[in-house]
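Engineer: Once you've had a glance at the structure underneath, I'll fire off some questions.
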Amino acid sequence: MKNKYTKKQLEELYNCTIFKDTGFDSNLKFWVAQGLPFTEDGVDSLFTYADGWDLDELHENIRRAVRKSVIVFEGD
């Protein structure tokens with residue numbers, strides 16, 4: 001199955017680094033994305049962390065993480 005986006009496209013789109021990693025108790029590899037700061041003080045980023053088994057799942061989880069960290073609803 002072909003991924004909708006490449007690793008490089010996701011990194012550029014969401015200002016993050018993406019790499020493969022293994023879990024603490026497993027040798028299975030999965031994709032990990034870590035958000036990079038986009039301000040000089042290094043505080044603001046779209047998201048902190050997301051992971052997924054393939055790039056499509058990673059993309060969906062990045063989008064979910066961005067919504068949680070960027071969109072603030074009144075009353076929260």
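Quick note on naming: the chains in the structure tokens go A, B, ... in the order shown, residues restart at 1 in each chain, and ligands are numbered from 1 in order of appearance.
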Excluding Val32 of chain A and residues on its chain fewer than 4 positions from it, collect all residues at most 8 Å away from it, counting only C-alpha atoms, and give them as a list in words.
Structural biologist: Ile18, Phe19, Lys20, Asp21, Tyr49, Ala50, Asp51, Gly52 and Leu58 of chain A
Engineer: Deliver the residues from the most recent selection as a file, using N, CA, C and O atoms, as a compact mmCIF listing (two decimals), in the first residue's frame.
Structural biologist:
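Okay, again.txt is ready:
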```txt
# COMPACT_ATOMS: atom_id res chain seq x y z
N ILE A 18 11.01 13.23 11.54
CA ILE A 18 10.36 11.92 11.54
C ILE A 18 11.43 10.85 11.42
O ILE A 18 12.35 10.97 10.61
N PHE A 19 11.30 9.82 12.22
CA PHE A 19 12.26 8.71 12.19
C PHE A 19 11.57 7.44 12.64
O PHE A 19 10.46 7.47 13.17
N LYS A 20 12.22 6.31 12.40
CA LYS A 20 11.70 5.02 12.86
C LYS A 20 12.31 4.69 14.21
O LYS A 20 13.46 4.99 14.47
N ASP A 21 11.50 4.08 15.06
CA ASP A 21 11.95 3.73 16.40
C ASP A 21 11.31 2.41 16.81
O ASP A 21 10.39 1.93 16.15
N TYR A 49 4.56 15.39 19.97
CA TYR A 49 4.90 14.01 19.63
C TYR A 49 3.70 13.31 18.98
O TYR A 49 2.56 13.55 19.35
N ALA A 50 4.01 12.43 18.03
CA ALA A 50 2.99 11.56 17.43
C ALA A 50 3.71 10.32 16.90
O ALA A 50 4.90 10.36 16.60
N ASP A 51 2.97 9.21 16.80
CA ASP A 51 3.56 8.00 16.22
C ASP A 51 2.51 7.24 15.41
O ASP A 51 1.32 7.54 15.48
N GLY A 52 2.97 6.28 14.62
CA GLY A 52 2.08 5.47 13.81
C GLY A 52 2.83 4.34 13.15
O GLY A 52 4.05 4.39 12.98
N LEU A 58 0.63 7.83 10.85
CA LEU A 58 1.40 8.90 11.48
C LEU A 58 0.81 10.26 11.13
O LEU A 58 0.63 11.12 11.99
```
Engineer: Quick one: residues within 9 Å of Ile62 of chain A, only C-alpha atoms, excluding same-chain residues fewer than 2 positions away - as a PyMOL selection string?
Structural biologist: chain A and resi 14+33+47+49-51+57-60+64-67
Engineer: Enumerate as a list in words all residues of chain A assigned to strand (DSSP E or B) by DSSP on the backbone, naming them with the chain letters and numbers the document uses.
Structural biologist: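 Residues of chain A classed as strand (DSSP E or B): Cys16, Thr17, Ile18, Phe19, Lys20, Asp21, Thr22, Lys29, Phe30, Trp31, Val32, Ala33, Gln34, Gly35, Tyr49, Ala50, Asp51 and Gly52 of chain A.
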Engineer: Kindly save the residues from that selection, with N, CA and C atoms included, as a compact mmCIF listing (two decimals), in the first residue's frame.
Structural biologist:
```txt
# COMPACT_ATOMS: atom_id res chain seq x y z
N CYS A 16 8.56 19.21 11.55
CA CYS A 16 8.93 18.19 12.52
C CYS A 16 10.03 17.30 11.96
N THR A 17 10.60 16.48 12.82
CA THR A 17 11.52 15.44 12.38
C THR A 17 10.79 14.10 12.53
N ILE A 18 11.01 13.23 11.54
CA ILE A 18 10.36 11.92 11.54
C ILE A 18 11.43 10.85 11.42
N PHE A 19 11.30 9.82 12.22
CA PHE A 19 12.26 8.71 12.19
C PHE A 19 11.57 7.44 12.64
N LYS A 20 12.22 6.31 12.40
CA LYS A 20 11.70 5.02 12.86
C LYS A 20 12.31 4.69 14.21
N ASP A 21 11.50 4.08 15.06
CA ASP A 21 11.95 3.73 16.40
C ASP A 21 11.31 2.41 16.81
N THR A 22 11.80 1.82 17.89
CA THR A 22 11.20 0.61 18.44
C THR A 22 10.66 0.92 19.82
N LYS A 29 9.25 -1.92 14.57
CA LYS A 29 9.57 -0.52 14.28
C LYS A 29 8.31 0.24 13.89
N PHE A 30 8.20 1.47 14.36
CA PHE A 30 7.10 2.34 14.01
C PHE A 30 7.65 3.73 13.75
N TRP A 31 6.84 4.58 13.10
CA TRP A 31 7.25 5.94 12.77
C TRP A 31 6.97 6.86 13.95
N VAL A 32 7.90 7.77 14.19
CA VAL A 32 7.76 8.76 15.27
C VAL A 32 7.99 10.15 14.67
N ALA A 33 7.16 11.10 15.09
CA ALA A 33 7.34 12.49 14.68
C ALA A 33 7.48 13.35 15.92
N GLN A 34 8.47 14.22 15.91
CA GLN A 34 8.66 15.17 17.00
C GLN A 34 8.58 16.58 16.43
N GLY A 35 7.67 17.37 16.99
CA GLY A 35 7.49 18.73 16.51
C GLY A 35 8.68 19.61 16.84
N TYR A 49 4.56 15.39 19.97
CA TYR A 49 4.90 14.01 19.63
C TYR A 49 3.70 13.31 18.98
N ALA A 50 4.01 12.43 18.03
CA ALA A 50 2.99 11.56 17.43
C ALA A 50 3.71 10.32 16.90
N ASP A 51 2.97 9.21 16.80
CA ASP A 51 3.56 8.00 16.22
C ASP A 51 2.51 7.24 15.41
N GLY A 52 2.97 6.28 14.62
CA GLY A 52 2.08 5.47 13.81
C GLY A 52 2.83 4.34 13.15
```
Engineer: Apply DSSP to the structure's backbone, then extract all residues of segment 8-57 of chain A labelled helix (DSSP H, G or I) and return them as number ranges by chain.
Structural biologist: A: 8-14, 55-57
Engineer: With only C-alpha atoms counted and 8 Å as the cut-off, give the residues of segment 19-61 of chain A in contact with segment 3-13 of chain A, each with its shortest interatomic distance in Å and the pair that gives it, as a tab-separated table.
Structural biologist:
```
residue	atom	partner	partner_atom	distance
A:Asp54	CA	A:Asn3	CA	7.7
A:Leu55	CA	A:Asn3	CA	6.1
A:Asp56	CA	A:Asn3	CA	5.7
A:His59	CA	A:Leu10	CA	7.2
```
Engineer: Generate the output file for the selected residues, N, CA, C and O atoms, as a PDB file, in the first residue's frame.
Structural biologist:
```pdb
ATOM      1  N   ASP A  54       2.457   3.259  10.023  1.00  0.00           N
ATOM      2  CA  ASP A  54       2.880   3.651   8.674  1.00  0.00           C
ATOM      3  C   ASP A  54       2.722   5.168   8.559  1.00  0.00           C
ATOM      4  O   ASP A  54       2.238   5.822   9.487  1.00  0.00           O
ATOM      5  N   LEU A  55       3.148   5.734   7.440  1.00  0.00           N
ATOM      6  CA  LEU A  55       3.127   7.192   7.303  1.00  0.00           C
ATOM      7  C   LEU A  55       1.710   7.754   7.267  1.00  0.00           C
ATOM      8  O   LEU A  55       1.474   8.872   7.725  1.00  0.00           O
ATOM      9  N   ASP A  56       0.753   6.983   6.737  1.00  0.00           N
ATOM     10  CA  ASP A  56      -0.634   7.459   6.728  1.00  0.00           C
ATOM     11  C   ASP A  56      -1.187   7.561   8.147  1.00  0.00           C
ATOM     12  O   ASP A  56      -1.826   8.549   8.505  1.00  0.00           O
ATOM     13  N   HIS A  59       0.469  10.468   9.855  1.00  0.00           N
ATOM     14  CA  HIS A  59      -0.123  11.731   9.414  1.00  0.00           C
ATOM     15  C   HIS A  59      -1.417  12.014  10.171  1.00  0.00           C
ATOM     16  O   HIS A  59      -1.634  13.128  10.667  1.00  0.00           O
TER      17      HIS A  59
END
```
Engineer: Between A:Leu28, A:Leu36, A:Val70, A:Asn61, which one has atoms that come closest to Thr48 of chain A, using only C-alpha atoms?
Structural biologist: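 The shortest atom-to-atom distance to Thr48 of chain A comes from A:Leu36.
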